[in-house]
>>> print(open('query_35.cif').read())   # mmCIF, C-alpha atoms
data_my_file
#
loop_
_atom_site.label_atom_id
_atom_site.label_comp_id
_atom_site.auth_asym_id
_atom_site.auth_seq_id
_atom_site.Cartn_x
_atom_site.Cartn_y
_atom_site.Cartn_z
CA MET A 1 0.00 0.00 0.00
CA ASN A 2 1.34 3.40 -0.94
CA PRO A 3 1.24 6.20 1.62
CA THR A 4 -2.20 7.76 1.65
CA PHE A 5 -3.54 10.82 3.34
CA ARG A 6 -7.19 10.30 4.11
CA LEU A 7 -10.12 12.31 5.38
CA GLU A 8 -12.74 9.86 6.66
CA THR A 9 -15.74 10.16 8.95
CA ILE A 10 -15.21 8.14 12.12
CA LYS A 11 -17.92 8.37 14.78
CA ASP A 12 -18.60 12.09 15.38
CA GLN A 13 -15.75 13.66 13.43
CA THR A 14 -13.87 13.71 10.16
CA VAL A 15 -10.36 12.47 10.83
CA HIS A 16 -7.29 13.38 8.81
CA PHE A 17 -4.71 10.59 8.97
CA ASP A 18 -1.84 8.99 7.08
CA TRP A 19 -1.67 5.20 6.75
CA CYS A 20 1.69 4.30 5.25
CA ASP A 21 3.27 0.95 4.35
CA TYR A 22 6.55 0.51 2.47
CA THR A 23 7.21 -2.96 3.89
CA PRO A 24 7.80 -5.86 1.47
CA PRO A 25 4.34 -7.10 0.43
CA TRP A 26 5.44 -10.74 0.63
CA ASN A 27 6.35 -10.55 4.32
CA THR A 28 4.13 -12.57 6.65
CA PRO A 29 2.71 -12.00 9.13
CA LYS A 30 1.87 -8.36 8.49
CA PRO A 31 4.40 -5.98 10.06
CA GLU A 32 3.53 -4.32 13.33
CA VAL A 33 2.14 -0.77 13.40
CA CYS A 34 3.79 2.36 14.79
CA PHE A 35 1.20 5.00 15.72
CA LEU A 36 2.84 8.45 15.76
CA TYR A 37 0.90 10.99 17.85
CA HIS A 38 1.71 14.70 17.98
CA GLY A 39 1.80 17.12 20.90
CA TYR A 40 0.02 20.30 21.98
CA ALA A 41 -1.66 22.33 19.21
CA ARG A 42 0.39 20.69 16.48
CA ASN A 43 -0.36 18.17 13.71
CA MET A 44 0.89 14.95 12.20
CA ALA A 45 3.43 16.74 9.96
CA PHE A 46 5.63 17.03 13.05
CA TRP A 47 6.44 13.33 12.48
CA GLN A 48 7.46 13.79 8.83
CA PRO A 49 11.15 12.83 9.33
CA TRP A 50 10.19 9.60 11.06
CA VAL A 51 8.04 8.06 8.33
CA PRO A 52 10.79 7.12 5.86
CA LEU A 53 12.96 5.89 8.74
CA LEU A 54 10.27 3.47 9.97
CA ALA A 55 8.16 2.54 6.95
CA ASN A 56 10.48 -0.14 5.53
CA GLU A 57 10.00 -2.25 8.68
CA TYR A 58 6.70 -1.12 10.20
CA ARG A 59 3.36 0.07 8.97
CA VAL A 60 3.10 3.69 10.08
CA LEU A 61 -0.06 5.47 11.21
CA ARG A 62 -0.37 9.10 12.22
CA MET A 63 -3.33 11.42 12.66
CA ASP A 64 -4.27 15.02 13.25
CA GLN A 65 -5.69 15.21 16.76
CA ARG A 66 -9.27 16.44 17.15
CA GLY A 67 -9.29 20.16 16.36
CA CYS A 68 -5.78 20.17 14.87
CA GLY A 69 -4.62 20.01 11.26
CA LEU A 70 -7.52 18.97 9.04
CA THR A 71 -9.43 16.93 11.62
CA THR A 72 -12.83 18.30 12.66
CA GLN A 73 -12.71 21.37 14.90
CA PRO A 74 -15.01 21.02 17.92
CA SER A 75 -17.31 23.79 19.11
CA LYS A 76 -16.09 26.60 21.32
CA ASP A 77 -17.62 24.99 24.43
CA TYR A 78 -15.92 21.62 23.84
CA ILE A 79 -13.90 20.38 26.82
CA TYR A 80 -10.88 18.26 25.96
CA THR A 81 -10.00 15.25 28.11
CA PHE A 82 -7.27 12.67 27.77
CA ASP A 83 -9.92 9.95 27.88
CA ALA A 84 -11.69 11.47 24.87
CA LEU A 85 -8.44 11.68 22.89
CA VAL A 86 -7.69 8.06 23.77
CA LYS A 87 -11.13 7.12 22.45
CA ASP A 88 -10.46 8.99 19.20
CA ALA A 89 -7.23 7.02 18.71
CA ILE A 90 -8.93 3.69 19.50
CA ASP A 91 -11.76 4.56 17.10
CA LEU A 92 -9.23 5.13 14.31
CA MET A 93 -7.47 1.85 15.10
CA ASP A 94 -10.81 0.01 15.03
CA HIS A 95 -11.75 1.74 11.79
CA LEU A 96 -8.56 0.41 10.18
CA GLU A 97 -8.86 -2.99 11.92
CA ILE A 98 -5.60 -2.54 13.82
CA GLU A 99 -5.48 -4.57 17.01
CA ARG A 100 -2.22 -3.34 18.61
CA VAL A 101 0.34 -0.63 18.00
CA HIS A 102 3.67 0.70 19.14
CA TRP A 103 2.56 4.12 20.38
CA VAL A 104 5.02 6.97 19.80
CA GLY A 105 4.04 10.28 21.37
CA GLU A 106 5.83 13.60 21.49
CA SER A 107 5.41 15.85 24.54
CA SER A 108 1.69 15.82 25.50
CA GLY A 109 1.10 13.18 22.81
CA GLY A 110 3.03 10.87 25.09
CA ILE A 111 0.63 11.66 27.93
CA VAL A 112 -2.20 10.49 25.66
CA GLY A 113 -0.17 7.29 25.24
CA LEU A 114 0.17 6.86 29.00
CA ALA A 115 -3.59 7.31 29.38
CA LEU A 116 -4.09 4.73 26.63
CA ALA A 117 -1.77 2.30 28.41
CA LEU A 118 -3.87 2.65 31.56
CA ALA A 119 -7.23 2.26 29.85
CA HIS A 120 -6.42 -0.22 27.06
CA PRO A 121 -3.06 -1.92 27.71
CA LYS A 122 -3.88 -4.83 25.40
CA ARG A 123 -4.01 -2.43 22.43
CA LEU A 124 -0.30 -1.61 22.84
CA HIS A 125 2.89 -3.48 22.06
CA SER A 126 4.98 -0.68 23.54
CA LEU A 127 5.19 3.03 24.34
CA THR A 128 7.85 5.45 23.18
CA LEU A 129 7.68 8.84 24.86
CA CYS A 130 9.60 11.77 23.36
CA ASP A 131 10.07 14.64 25.82
CA THR A 132 6.95 13.61 27.75
CA PRO A 133 6.42 14.73 31.36
CA PHE A 134 3.89 12.92 33.55
CA LYS A 135 2.85 16.39 34.71
CA ARG A 136 3.64 19.80 33.27
CA PRO A 137 6.30 21.55 35.41
CA SER A 138 4.86 24.37 37.52
CA HIS A 139 7.23 27.00 36.13
CA ILE A 140 5.84 26.50 32.62
CA HIS A 141 2.44 27.88 33.65
CA SER A 142 3.85 31.27 34.59
CA THR A 143 6.38 31.33 31.74
CA TYR A 144 3.75 30.62 29.12
CA THR A 145 1.45 33.45 30.23
CA LEU A 146 3.92 36.11 28.95
CA GLY A 147 3.12 38.34 31.91
CA GLU A 148 -0.66 38.04 31.51
CA VAL A 149 -3.04 36.51 34.07
CA ASP A 150 -3.23 33.24 32.14
CA ARG A 151 -2.48 31.73 28.76
CA ALA A 152 -5.92 32.63 27.42
CA ALA A 153 -5.13 36.30 28.05
CA ALA A 154 -1.75 35.86 26.36
CA PHE A 155 -3.47 34.36 23.30
CA ALA A 156 -6.00 37.18 23.26
CA LYS A 157 -3.24 39.78 23.32
CA HIS A 158 -0.66 38.21 21.01
CA GLY A 159 -2.43 35.47 19.03
CA VAL A 160 -1.31 31.85 19.03
CA GLY A 161 1.45 32.43 16.47
CA GLU A 162 3.16 35.31 18.26
CA TRP A 163 2.71 33.51 21.60
CA CYS A 164 4.42 30.50 20.04
CA ARG A 165 7.27 32.68 18.77
CA GLN A 166 7.91 34.17 22.20
CA THR A 167 7.85 30.80 23.97
CA LEU A 168 9.34 28.61 21.23
CA SER A 169 12.65 27.97 22.99
CA PHE A 170 10.78 25.97 25.65
CA ARG A 171 9.24 23.57 23.10
CA LEU A 172 12.09 23.46 20.59
CA ASP A 173 15.84 23.64 21.10
CA THR A 174 16.29 26.80 19.05
CA GLU A 175 20.07 26.56 19.40
CA ARG A 176 19.95 23.43 17.24
CA ALA A 177 16.89 24.15 15.08
CA SER A 178 17.32 25.98 11.78
CA PRO A 179 15.52 29.32 11.25
CA ALA A 180 13.36 27.60 8.63
CA LEU A 181 12.26 24.93 11.12
CA CYS A 182 11.45 27.57 13.73
CA GLU A 183 9.30 29.58 11.31
CA TRP A 184 7.53 26.44 10.08
CA TYR A 185 6.81 25.38 13.68
CA ILE A 186 5.32 28.80 14.50
CA ALA A 187 3.15 28.77 11.38
CA GLN A 188 1.77 25.32 12.19
CA MET A 189 0.72 26.32 15.69
CA ASP A 190 -0.67 29.62 14.46
CA ALA A 191 -3.18 27.62 12.38
CA VAL A 192 -4.82 26.24 15.55
CA PRO A 193 -7.90 28.25 16.65
CA VAL A 194 -7.58 30.05 19.97
CA HIS A 195 -10.48 28.20 21.62
CA ILE A 196 -8.87 24.85 20.82
CA ALA A 197 -5.45 25.97 22.09
CA ASN A 198 -7.11 27.16 25.30
CA SER A 199 -9.08 23.97 25.88
CA LEU A 200 -6.07 21.76 25.19
CA GLU A 201 -3.99 23.86 27.58
CA LYS A 202 -6.52 23.38 30.39
CA MET A 203 -6.51 19.62 29.84
CA ILE A 204 -2.72 19.38 29.93
CA GLY A 205 -2.37 21.77 32.86
CA SER A 206 -4.73 19.75 35.05
CA GLY A 207 -3.27 16.36 34.14
CA ASP A 208 -1.05 14.44 36.58
CA LEU A 209 -0.37 10.76 35.95
CA TRP A 210 2.27 10.38 38.68
CA PRO A 211 0.03 8.28 41.00
CA HIS A 212 -0.74 5.87 38.15
CA LEU A 213 2.74 5.28 36.72
CA PRO A 214 3.28 2.02 38.67
CA GLU A 215 0.11 0.64 37.05
CA ILE A 216 1.57 0.96 33.53
CA LYS A 217 3.02 -2.43 32.64
CA VAL A 218 3.39 -1.75 28.90
CA PRO A 219 7.11 -1.74 27.94
CA THR A 220 8.07 1.93 27.72
CA LEU A 221 11.01 3.79 26.18
CA ILE A 222 11.50 7.28 27.57
CA LEU A 223 13.45 9.56 25.21
CA ALA A 224 14.26 13.08 26.33
CA GLY A 225 16.70 15.87 25.77
CA ALA A 226 18.95 15.98 28.81
CA ASP A 227 18.37 19.73 29.15
CA SER A 228 14.66 19.88 28.28
CA PRO A 229 12.88 22.60 30.30
CA ILE A 230 9.60 20.65 30.08
CA ALA A 231 10.63 16.99 30.31
CA GLN A 232 13.19 17.75 32.99
CA ALA A 233 15.88 15.19 33.80
CA PRO A 234 14.83 14.55 37.45
CA GLN A 235 11.24 13.96 36.35
CA MET A 236 12.33 11.58 33.58
CA LYS A 237 14.42 9.58 36.05
CA ALA A 238 11.48 9.46 38.47
CA MET A 239 9.21 8.20 35.68
CA GLN A 240 11.64 5.43 34.82
CA ALA A 241 11.96 4.42 38.46
CA HIS A 242 8.20 4.27 39.03
CA MET A 243 7.24 2.40 35.86
CA PRO A 244 7.77 -1.38 36.01
CA SER A 245 8.90 -1.81 32.40
CA ALA A 246 10.55 1.49 31.46
CA LYS A 247 13.92 2.35 29.94
CA LEU A 248 15.29 5.89 29.91
CA VAL A 249 17.55 7.27 27.18
CA SER A 250 18.72 10.83 27.77
CA LEU A 251 20.05 12.70 24.73
CA GLU A 252 22.97 14.75 25.97
CA GLY A 253 23.30 18.22 24.55
CA TYR A 254 19.64 18.49 23.55
CA GLN A 255 16.81 20.50 25.02
CA HIS A 256 13.14 19.96 23.98
CA GLY A 257 12.00 18.69 20.58
CA VAL A 258 14.22 15.64 20.07
CA ASN A 259 11.65 14.09 17.70
CA LEU A 260 12.35 16.93 15.23
CA LEU A 261 16.02 17.54 15.96
CA ALA A 262 17.35 14.00 16.33
CA PRO A 263 14.92 11.75 14.43
CA LYS A 264 17.55 9.21 13.31
CA ARG A 265 18.88 8.80 16.84
CA CYS A 266 15.37 8.50 18.28
CA VAL A 267 14.24 5.95 15.69
CA GLU A 268 17.38 3.87 16.19
CA GLU A 269 16.83 3.82 19.95
CA MET A 270 13.22 2.82 19.39
CA ARG A 271 14.16 0.06 16.92
CA GLN A 272 16.65 -1.40 19.38
CA PHE A 273 14.07 -1.24 22.16
CA ILE A 274 11.39 -3.02 20.11
CA HIS A 275 13.84 -5.62 18.83
CA GLY A 276 14.82 -6.27 22.43
CA LEU A 277 11.21 -6.96 23.32
CA HIS A 278 10.96 -9.53 20.53
CA ALA A 279 14.24 -11.14 21.56
#
>>> encode(input="query_35.cif", output="structure tokens")
Amino acid sequence: MNPTFRLETIKDQTVHFDWCDYTPPWNTPKPEVCFLYHGYARNMAFWQPWVPLLANEYRVLRMDQRGCGLTTQPSKDYIYTFDALVKDAIDLMDHLEIERVHWVGESSGGIVGLALALAHPKRLHSLTLCDTPFKRPSHIHSTYTLGEVDRAAAFAKHGVGEWCRQTLSFRLDTERASPALCEWYIAQMDAVPVHIANSLEKMIGSGDLWPHLPEIKVPTLILAGADSPIAQAPQMKAMQAHMPSAKLVSLEGYQHGVNLLAPKRCVEEMRQFIHGLHA
């Protein structure tokens, strides 16, 4: 099957997703699936470098989260929850008749994966978390408000794009990222409506999976920039210690955004981790 970008109605929304398979068609059984899931107010294009690195060995699925990219935008009174986003992902898997996946989430997309592992562990082969905290660090709340009373006020004053520009160094290691990547990143987030950015922010800000980490038995690879201001090193080490089947790989010299800045290294670490599970 050639890579296809699809817009299909699934339950209550139209979902934009990419279902890609470059694996040899004569291989049996069918290769396992890697489900790539993006972070806050982004879209599936943030996984673009990963697809060619994975698609010769795995079938690769990625989607635009509800309200992001080309997937249906909910109403202004819609309240996001991690459980609802988990359901959206499961609905897509069921739609495509996919029983289990290797979930790969970046930043808050990894938190969706953790919630999925708690609710539906049998639907996962493994979890790979890129720069994913189990709870957003407290300093991020005040930093992200840009001196306003809250992030909603910052959006109202600056717009999502300008807010993203002024806070980009927290979500992307701008010392390593090219100017073109930085501008592309800002433009992608600027396309997300303010009410969706606000509702997603409230969901992430109130989430705390720390008490539930010991319940997650799914084999988990934690990938993080050693100097990430969001997925901070002490928190990553605490996650690894509290999860029964977790491995931590810290990328020295990197801040946040390792999925974009070190895709080859991340994919190689993930391949080794998955191969180890099979062994």
>>> resolve_selection(input="query_35.cif", expression="the PyMOL selection byres ((chain A and resi 103) around 8)", output="compact mmCIF listing (two decimals) with C-alpha atoms, keeping the file's coordinate frame")
# COMPACT_ATOMS: atom_id res chain seq x y z
CA CYS A 34 3.79 2.36 14.79
CA PHE A 35 1.20 5.00 15.72
CA LEU A 36 2.84 8.45 15.76
CA TYR A 37 0.90 10.99 17.85
CA VAL A 101 0.34 -0.63 18.00
CA HIS A 102 3.67 0.70 19.14
CA VAL A 104 5.02 6.97 19.80
CA GLY A 105 4.04 10.28 21.37
CA GLY A 113 -0.17 7.29 25.24
CA LEU A 124 -0.30 -1.61 22.84
CA HIS A 125 2.89 -3.48 22.06
CA SER A 126 4.98 -0.68 23.54
CA LEU A 127 5.19 3.03 24.34
CA THR A 128 7.85 5.45 23.18
>>> resolve_selection(input="query_35.cif", expression="the PyMOL selection byres ((chain A and resi 189) around 10)", output="ChimeraX atom specification")
/A:40-43,68-69,160-165,184-188,190-193,197
>>> resolve_selection(input="query_35.cif", expression="the PyMOL selection byres ((chain A and resi 79) around 12)", output="compact mmCIF listing (two decimals) with C-alpha atoms, in the coordinates of the input")
# COMPACT_ATOMS: atom_id res chain seq x y z
CA ARG A 66 -9.27 16.44 17.15
CA GLY A 67 -9.29 20.16 16.36
CA PRO A 74 -15.01 21.02 17.92
CA SER A 75 -17.31 23.79 19.11
CA LYS A 76 -16.09 26.60 21.32
CA ASP A 77 -17.62 24.99 24.43
CA TYR A 78 -15.92 21.62 23.84
CA TYR A 80 -10.88 18.26 25.96
CA THR A 81 -10.00 15.25 28.11
CA PHE A 82 -7.27 12.67 27.77
CA ASP A 83 -9.92 9.95 27.88
CA ALA A 84 -11.69 11.47 24.87
CA LEU A 85 -8.44 11.68 22.89
CA HIS A 195 -10.48 28.20 21.62
CA ILE A 196 -8.87 24.85 20.82
CA ALA A 197 -5.45 25.97 22.09
CA ASN A 198 -7.11 27.16 25.30
CA SER A 199 -9.08 23.97 25.88
CA LEU A 200 -6.07 21.76 25.19
CA GLU A 201 -3.99 23.86 27.58
CA LYS A 202 -6.52 23.38 30.39
CA MET A 203 -6.51 19.62 29.84
CA ILE A 204 -2.72 19.38 29.93
>>> atom_distance(input="query_35.cif", atom1="atom CA of A:Cys20", atom2="atom CA of A:Met63")
11.4 Å
>>> residues_around(input="query_35.cif", residues="A:Thr174", least_positions_apart="5", cutoff="10 Å", atoms="all atoms listed in the file", output="list in words")
Leu168, Ser169, Pro179, Leu181, Cys182, Gln255, His256, Gly257 and Leu261 of chain A
>>> residues_around(input="query_35.cif", residues="A:Pro244", least_positions_apart="2", cutoff="10 Å", atoms="only C-alpha atoms", output="list in words")
Leu213, Pro214, Glu215, Ile216, Lys217, Val218, Pro219, Thr220, Met239, Gln240, Ala241, His242, Ala246 and Lys247 of chain A
>>> residues_around(input="query_35.cif", residues="A:Ala233", least_positions_apart="3", cutoff="12 Å", atoms="only C-alpha atoms", output="ChimeraX atom specification")
/A:131-133,137,222-230,236-240,248-252,254-256
>>> residues_around(input="query_35.cif", residues="A:His16", least_positions_apart="3", cutoff="12 Å", atoms="all atoms listed in the file", output="list of chain:residue names")
A:Thr4, A:Phe5, A:Arg6, A:Leu7, A:Glu8, A:Thr9, A:Ile10, A:Gln13, A:Trp19, A:Asn43, A:Met44, A:Ala45, A:Leu61, A:Arg62, A:Met63, A:Asp64, A:Gln65, A:Arg66, A:Gly67, A:Cys68, A:Gly69, A:Leu70, A:Thr71, A:Thr72, A:Gln73, A:Asp88, A:Ala89, A:Leu92
>>> closest_residue(input="query_35.cif", among="A:Trp50, A:Gly205, A:Gly276, A:Glu106", to="A:Asp150", atoms="only C-alpha atoms")
A:Gly205
>>> atom_distance(input="query_35.cif", atom1="atom CA of A:Met270", atom2="atom CA of A:Arg136")
23.9 Å
>>> closest_residue(input="query_35.cif", among="A:Pro29, A:Leu114, A:Pro52, A:His141", to="A:Leu129", atoms="all atoms listed in the file")
A:Leu114
>>> atom_distance(input="query_35.cif", atom1="atom CA of A:Lys122", atom2="atom CA of A:Arg265")
27.9 Å
>>> residues_around(input="query_35.cif", residues="A:Tyr22", least_positions_apart="4", cutoff="12 Å", atoms="only C-alpha atoms", output="list in words")
Met1, Asn2, Pro3, Thr4, Trp26, Asn27, Lys30, Pro31, Val33, Val51, Pro52, Leu53, Leu54, Ala55, Asn56, Glu57, Tyr58, Arg59 and Val60 of chain A
>>> residues_near_point(input="query_35.cif", point="(4.1, 34.8, 28.1)", cutoff="10 Å", atoms="all atoms listed in the file", output="PDB file with C-alpha atoms, in the frame of the given file")
ATOM      1  CA  ILE A 140       5.840  26.500  32.620  1.00  0.00           C
ATOM      2  CA  HIS A 141       2.440  27.880  33.650  1.00  0.00           C
ATOM      3  CA  SER A 142       3.850  31.270  34.590  1.00  0.00           C
ATOM      4  CA  THR A 143       6.380  31.330  31.740  1.00  0.00           C
ATOM      5  CA  TYR A 144       3.750  30.620  29.120  1.00  0.00           C
ATOM      6  CA  THR A 145       1.450  33.450  30.230  1.00  0.00           C
ATOM      7  CA  LEU A 146       3.920  36.110  28.950  1.00  0.00           C
ATOM      8  CA  GLY A 147       3.120  38.340  31.910  1.00  0.00           C
ATOM      9  CA  GLU A 148      -0.660  38.040  31.510  1.00  0.00           C
ATOM     10  CA  VAL A 149      -3.040  36.510  34.070  1.00  0.00           C
ATOM     11  CA  ASP A 150      -3.230  33.240  32.140  1.00  0.00           C
ATOM     12  CA  ARG A 151      -2.480  31.730  28.760  1.00  0.00           C
ATOM     13  CA  ALA A 153      -5.130  36.300  28.050  1.00  0.00           C
ATOM     14  CA  ALA A 154      -1.750  35.860  26.360  1.00  0.00           C
ATOM     15  CA  PHE A 155      -3.470  34.360  23.300  1.00  0.00           C
ATOM     16  CA  HIS A 158      -0.660  38.210  21.010  1.00  0.00           C
ATOM     17  CA  GLU A 162       3.160  35.310  18.260  1.00  0.00           C
ATOM     18  CA  TRP A 163       2.710  33.510  21.600  1.00  0.00           C
ATOM     19  CA  CYS A 164       4.420  30.500  20.040  1.00  0.00           C
ATOM     20  CA  GLN A 166       7.910  34.170  22.200  1.00  0.00           C
ATOM     21  CA  THR A 167       7.850  30.800  23.970  1.00  0.00           C
TER      22      THR A 167
END
>>> closest_residue(input="query_35.cif", among="A:Phe170, A:Leu260, A:Lys87, A:Pro234", to="A:His38", atoms="all atoms listed in the file")
A:Leu260
>>> decode(input="query_35.cif", residues="stretch 178-263 of chain A", atoms="C-alpha atoms", output="short mmCIF file (atom, residue, chain, number, x, y, z; two decimals), in the first residue's frame")
data_model
loop_
_atom_site.label_atom_id
_atom_site.label_comp_id
_atom_site.auth_asym_id
_atom_site.auth_seq_id
_atom_site.Cartn_x
_atom_site.Cartn_y
_atom_site.Cartn_z
CA SER A 178 17.32 25.98 11.78
CA PRO A 179 15.52 29.32 11.25
CA ALA A 180 13.36 27.60 8.63
CA LEU A 181 12.26 24.93 11.12
CA CYS A 182 11.45 27.57 13.73
CA GLU A 183 9.30 29.58 11.31
CA TRP A 184 7.53 26.44 10.08
CA TYR A 185 6.81 25.38 13.68
CA ILE A 186 5.32 28.80 14.50
CA ALA A 187 3.15 28.77 11.38
CA GLN A 188 1.77 25.32 12.19
CA MET A 189 0.72 26.32 15.69
CA ASP A 190 -0.67 29.62 14.46
CA ALA A 191 -3.18 27.62 12.38
CA VAL A 192 -4.82 26.24 15.55
CA PRO A 193 -7.90 28.25 16.65
CA VAL A 194 -7.58 30.05 19.97
CA HIS A 195 -10.48 28.20 21.62
CA ILE A 196 -8.87 24.85 20.82
CA ALA A 197 -5.45 25.97 22.09
CA ASN A 198 -7.11 27.16 25.30
CA SER A 199 -9.08 23.97 25.88
CA LEU A 200 -6.07 21.76 25.19
CA GLU A 201 -3.99 23.86 27.58
CA LYS A 202 -6.52 23.38 30.39
CA MET A 203 -6.51 19.62 29.84
CA ILE A 204 -2.72 19.38 29.93
CA GLY A 205 -2.37 21.77 32.86
CA SER A 206 -4.73 19.75 35.05
CA GLY A 207 -3.27 16.36 34.14
CA ASP A 208 -1.05 14.44 36.58
CA LEU A 209 -0.37 10.76 35.95
CA TRP A 210 2.27 10.38 38.68
CA PRO A 211 0.03 8.28 41.00
CA HIS A 212 -0.74 5.87 38.15
CA LEU A 213 2.74 5.28 36.72
CA PRO A 214 3.28 2.02 38.67
CA GLU A 215 0.11 0.64 37.05
CA ILE A 216 1.57 0.96 33.53
CA LYS A 217 3.02 -2.43 32.64
CA VAL A 218 3.39 -1.75 28.90
CA PRO A 219 7.11 -1.74 27.94
CA THR A 220 8.07 1.93 27.72
CA LEU A 221 11.01 3.79 26.18
CA ILE A 222 11.50 7.28 27.57
CA LEU A 223 13.45 9.56 25.21
CA ALA A 224 14.26 13.08 26.33
CA GLY A 225 16.70 15.87 25.77
CA ALA A 226 18.95 15.98 28.81
CA ASP A 227 18.37 19.73 29.15
CA SER A 228 14.66 19.88 28.28
CA PRO A 229 12.88 22.60 30.30
CA ILE A 230 9.60 20.65 30.08
CA ALA A 231 10.63 16.99 30.31
CA GLN A 232 13.19 17.75 32.99
CA ALA A 233 15.88 15.19 33.80
CA PRO A 234 14.83 14.55 37.45
CA GLN A 235 11.24 13.96 36.35
CA MET A 236 12.33 11.58 33.58
CA LYS A 237 14.42 9.58 36.05
CA ALA A 238 11.48 9.46 38.47
CA MET A 239 9.21 8.20 35.68
CA GLN A 240 11.64 5.43 34.82
CA ALA A 241 11.96 4.42 38.46
CA HIS A 242 8.20 4.27 39.03
CA MET A 243 7.24 2.40 35.86
CA PRO A 244 7.77 -1.38 36.01
CA SER A 245 8.90 -1.81 32.40
CA ALA A 246 10.55 1.49 31.46
CA LYS A 247 13.92 2.35 29.94
CA LEU A 248 15.29 5.89 29.91
CA VAL A 249 17.55 7.27 27.18
CA SER A 250 18.72 10.83 27.77
CA LEU A 251 20.05 12.70 24.73
CA GLU A 252 22.97 14.75 25.97
CA GLY A 253 23.30 18.22 24.55
CA TYR A 254 19.64 18.49 23.55
CA GLN A 255 16.81 20.50 25.02
CA HIS A 256 13.14 19.96 23.98
CA GLY A 257 12.00 18.69 20.58
CA VAL A 258 14.22 15.64 20.07
CA ASN A 259 11.65 14.09 17.70
CA LEU A 260 12.35 16.93 15.23
CA LEU A 261 16.02 17.54 15.96
CA ALA A 262 17.35 14.00 16.33
CA PRO A 263 14.92 11.75 14.43
#
